[in-house]
$ cat query18.cif   # mmCIF, C-alpha atoms
data_run
#
loop_
_atom_site.group_PDB
_atom_site.id
_atom_site.type_symbol
_atom_site.label_atom_id
_atom_site.label_comp_id
_atom_site.auth_asym_id
_atom_site.auth_seq_id
_atom_site.Cartn_x
_atom_site.Cartn_y
_atom_site.Cartn_z
ATOM 1 C CA MET A 229 -55.330 -20.953 -37.816
ATOM 2 C CA VAL A 230 -55.571 -17.167 -37.870
ATOM 3 C CA VAL A 231 -54.123 -15.110 -34.997
ATOM 4 C CA THR A 232 -55.195 -11.522 -34.343
ATOM 5 C CA ALA A 233 -54.432 -9.136 -31.493
ATOM 6 C CA LYS A 234 -57.428 -10.353 -29.462
ATOM 7 C CA ARG A 235 -58.444 -13.727 -30.921
ATOM 8 C CA ILE A 236 -57.195 -17.039 -32.229
ATOM 9 C CA TYR A 237 -59.351 -18.683 -34.907
ATOM 10 C CA ILE A 238 -58.873 -22.427 -35.326
ATOM 11 C CA PHE A 239 -60.366 -23.844 -38.530
ATOM 12 C CA GLU A 240 -61.322 -27.367 -39.552
ATOM 13 C CA PHE A 241 -62.733 -28.025 -43.012
ATOM 14 C CA LYS A 242 -64.742 -31.011 -44.222
ATOM 15 C CA LEU A 243 -65.516 -32.065 -47.767
ATOM 16 C CA ASP A 244 -69.154 -33.150 -48.160
ATOM 17 C CA GLY A 245 -69.427 -33.427 -44.387
ATOM 18 C CA SER A 246 -70.834 -31.028 -41.828
ATOM 19 C CA PRO A 247 -69.619 -28.126 -39.711
ATOM 20 C CA GLU A 248 -70.615 -30.104 -36.623
ATOM 21 C CA GLU A 249 -68.229 -32.919 -37.647
ATOM 22 C CA ALA A 250 -65.462 -30.363 -38.084
ATOM 23 C CA LEU A 251 -66.113 -28.774 -34.676
ATOM 24 C CA ALA A 252 -66.274 -32.206 -33.051
ATOM 25 C CA GLN A 253 -62.830 -33.027 -34.493
ATOM 26 C CA ILE A 254 -61.370 -29.783 -33.116
ATOM 27 C CA ARG A 255 -62.790 -30.571 -29.668
ATOM 28 C CA GLU A 256 -61.844 -34.280 -29.697
ATOM 29 C CA ARG A 257 -58.251 -33.627 -30.785
ATOM 30 C CA GLN A 258 -58.056 -30.488 -28.614
ATOM 31 C CA TYR A 259 -56.394 -28.328 -31.265
ATOM 32 C CA PHE A 260 -57.073 -25.339 -28.983
ATOM 33 C CA ALA A 261 -55.400 -26.725 -25.826
ATOM 34 C CA LYS A 262 -51.955 -25.175 -26.293
ATOM 35 C CA TYR A 263 -53.483 -21.701 -26.745
ATOM 36 C CA GLN A 264 -55.823 -21.669 -23.722
ATOM 37 C CA ASP A 265 -53.419 -19.760 -21.477
ATOM 38 C CA CYS A 266 -52.401 -17.115 -24.007
ATOM 39 C CA GLY A 267 -55.023 -14.609 -22.848
ATOM 40 C CA LYS A 268 -56.795 -14.415 -26.198
ATOM 41 C CA LYS A 269 -60.332 -15.478 -27.017
ATOM 42 C CA ILE A 270 -60.341 -18.754 -28.961
ATOM 43 C CA VAL A 271 -62.857 -19.261 -31.742
ATOM 44 C CA LEU A 272 -63.319 -22.728 -33.229
ATOM 45 C CA VAL A 273 -64.623 -22.664 -36.808
ATOM 46 C CA GLY A 274 -66.057 -25.657 -38.666
ATOM 47 C CA ALA A 275 -66.868 -25.409 -42.369
ATOM 48 C CA ASN A 276 -68.126 -27.795 -45.018
ATOM 49 C CA PHE A 277 -67.146 -27.578 -48.670
ATOM 50 C CA SER A 278 -69.652 -29.126 -51.063
ATOM 51 C CA THR A 279 -68.439 -30.802 -54.233
ATOM 52 C CA GLN A 280 -71.872 -30.194 -55.761
ATOM 53 C CA VAL A 281 -72.022 -26.491 -54.917
ATOM 54 C CA ARG A 282 -68.231 -26.125 -55.327
ATOM 55 C CA ASN A 283 -68.116 -23.695 -52.441
ATOM 56 C CA VAL A 284 -68.607 -23.409 -48.696
ATOM 57 C CA GLU A 285 -72.056 -24.867 -48.129
ATOM 58 C CA SER A 286 -72.337 -24.462 -44.349
ATOM 59 C CA HIS A 287 -70.297 -23.239 -41.421
ATOM 60 C CA ASN A 288 -70.533 -22.741 -37.666
ATOM 61 C CA TYR A 289 -68.352 -21.544 -34.819
ATOM 62 C CA GLU A 290 -67.880 -21.863 -31.086
ATOM 63 C CA SER A 291 -66.146 -19.486 -28.738
ATOM 64 C CA CYS A 292 -64.288 -21.271 -26.006
ATOM 65 C CA GLY A 293 -62.312 -20.283 -22.979
ATOM 66 C CA LYS A 294 -62.835 -20.022 -19.240
ATOM 67 C CA GLY A 295 -65.536 -22.709 -19.441
ATOM 68 C CA LEU A 296 -67.698 -20.695 -21.828
ATOM 69 C CA ILE A 297 -68.742 -22.359 -25.048
ATOM 70 C CA ARG A 298 -71.163 -20.561 -27.331
ATOM 71 C CA THR A 299 -72.332 -21.906 -30.662
ATOM 72 C CA SER A 300 -73.683 -19.631 -33.346
ATOM 73 C CA ASN A 301 -74.289 -19.297 -37.061
ATOM 74 C CA LEU A 302 -71.537 -17.516 -38.996
ATOM 75 C CA ALA A 303 -73.877 -15.320 -41.000
ATOM 76 C CA TYR A 304 -72.042 -12.214 -39.747
ATOM 77 C CA PHE A 305 -68.597 -13.735 -39.194
ATOM 78 C CA PRO A 306 -66.164 -11.499 -41.124
ATOM 79 C CA VAL A 307 -64.100 -14.088 -42.991
ATOM 80 C CA ASN A 308 -63.923 -14.558 -46.745
ATOM 81 C CA VAL A 309 -62.819 -17.953 -48.039
ATOM 82 C CA THR A 310 -61.587 -18.261 -51.610
ATOM 83 C CA ILE A 311 -61.039 -21.738 -52.989
ATOM 84 C CA ASN A 312 -59.602 -22.939 -56.228
ATOM 85 C CA SER A 313 -58.129 -26.247 -57.312
ATOM 86 C CA TYR A 314 -54.661 -25.340 -56.013
ATOM 87 C CA ASP A 315 -55.008 -23.606 -52.660
ATOM 88 C CA CYS A 316 -57.266 -22.173 -49.997
ATOM 89 C CA THR A 317 -56.866 -18.553 -48.956
ATOM 90 C CA ILE A 318 -58.534 -17.165 -45.856
ATOM 91 C CA LYS A 319 -58.820 -13.418 -45.515
ATOM 92 C CA ALA A 320 -60.054 -12.154 -42.143
ATOM 93 C CA GLN A 321 -61.619 -8.687 -42.149
ATOM 94 C CA TYR A 322 -61.505 -6.513 -39.026
#
$ encode --input "query18.cif" --output "structure tokens"
Amino acid sequence: MVVTAKRIYIFEFKLDGSPEEALAQIRERQYFAKYQDCGKKIVLVGANFSTQVRNVESHNYESCGKGLIRTSNLAYFPVNVTINSYDCTIKAQY
């Protein structure tokens, strides 16, 4: 999870899965529920890491809150993900 002044980003990562599976898990387990009344926009992010590509292969996001859910491609989503065998570092750019 990444918290900014205006948004909360909730991430779920899959290995050789799909971003849709990751987003479905966030929705099913309601990871966002405790943040719904905080007044910030909530963005659910699903990403798939490929063992063949050894990188993020696909990703997607949904904005949720006040009944609005919008799904879109993350082509312009300003987040860099760096992965190595020991950790995962997420750097949000604003």
$ closest_residue --input "query18.cif" --among "A:Glu249, A:Val273, A:Glu256, A:Gln264" --to "A:Asn288" --atoms "only C-alpha atoms"
A:Val273
$ closest_residue --input "query18.cif" --among "A:Gln258, A:Ser291, A:Asn276, A:Thr232" --to "A:Ser246" --atoms "only C-alpha atoms"
A:Asn276
$ resolve_selection --input "query18.cif" --expression "the PyMOL selection byres ((chain A and resi 269) around 8)" --output "PyMOL selection string"
chain A and resi 234-236+267-268+270-271+291-293
$ atom_distance --input "query18.cif" --atom1 "atom CA of A:Met229" --atom2 "atom CA of A:Phe277"
17.4 Å
$ atom_distance --input "query18.cif" --atom1 "atom CA of A:Arg255" --atom2 "atom CA of A:Val230"
17.3 Å
$ closest_residue --input "query18.cif" --among "A:Leu243, A:Cys266, A:Ala261, A:Ala250" --to "A:Ser278" --atoms "all atoms listed in the file"
A:Leu243
$ decode --input "query18.cif" --residues "stretch 243-294 of chain A" --atoms "C-alpha atoms" --output "compact mmCIF listing (two decimals), in the first residue's frame"
# COMPACT_ATOMS: atom_id res chain seq x y z
CA LEU A 243 3.29 -14.56 -10.17
CA ASP A 244 2.44 -16.00 -13.60
CA GLY A 245 -1.18 -15.02 -13.06
CA SER A 246 -3.14 -12.02 -14.27
CA PRO A 247 -3.90 -8.49 -13.11
CA GLU A 248 -7.59 -9.39 -13.15
CA GLU A 249 -6.94 -12.19 -10.62
CA ALA A 250 -5.09 -9.72 -8.42
CA LEU A 251 -7.89 -7.14 -8.61
CA ALA A 252 -10.48 -9.83 -7.91
CA GLN A 253 -8.58 -10.81 -4.75
CA ILE A 254 -8.50 -7.19 -3.55
CA ARG A 255 -12.26 -6.89 -4.11
CA GLU A 256 -13.15 -10.30 -2.63
CA ARG A 257 -11.08 -9.77 0.52
CA GLN A 258 -12.07 -6.08 0.67
CA TYR A 259 -8.56 -4.81 1.42
CA PHE A 260 -9.90 -1.30 0.76
CA ALA A 261 -12.83 -1.41 3.23
CA LYS A 262 -11.10 0.16 6.23
CA TYR A 263 -9.98 3.15 4.13
CA GLN A 264 -13.31 4.01 2.47
CA ASP A 265 -14.21 6.74 4.96
CA CYS A 266 -10.82 8.46 5.03
CA GLY A 267 -11.75 10.99 2.34
CA LYS A 268 -9.03 9.92 -0.07
CA LYS A 269 -9.45 8.37 -3.50
CA ILE A 270 -8.68 4.64 -3.40
CA VAL A 271 -6.88 3.03 -6.32
CA LEU A 272 -6.69 -0.76 -6.54
CA VAL A 273 -3.69 -2.00 -8.53
CA GLY A 274 -3.25 -5.54 -9.83
CA ALA A 275 0.04 -6.61 -11.40
CA ASN A 276 1.45 -9.84 -12.79
CA PHE A 277 5.11 -10.78 -12.61
CA SER A 278 6.23 -13.23 -15.28
CA THR A 279 8.93 -15.77 -14.49
CA GLN A 280 9.69 -15.98 -18.21
CA VAL A 281 10.02 -12.23 -18.75
CA ARG A 282 11.42 -11.73 -15.22
CA ASN A 283 9.54 -8.48 -14.90
CA VAL A 284 6.07 -6.99 -14.66
CA GLU A 285 4.27 -8.44 -17.66
CA SER A 286 0.85 -6.82 -17.24
CA HIS A 287 -0.98 -4.53 -14.86
CA ASN A 288 -4.34 -2.82 -14.41
CA TYR A 289 -6.07 -0.57 -11.91
CA GLU A 290 -9.49 0.42 -10.65
CA SER A 291 -10.50 3.57 -8.86
CA CYS A 292 -13.12 2.96 -6.24
CA GLY A 293 -15.13 5.05 -3.87
CA LYS A 294 -18.61 6.51 -3.66
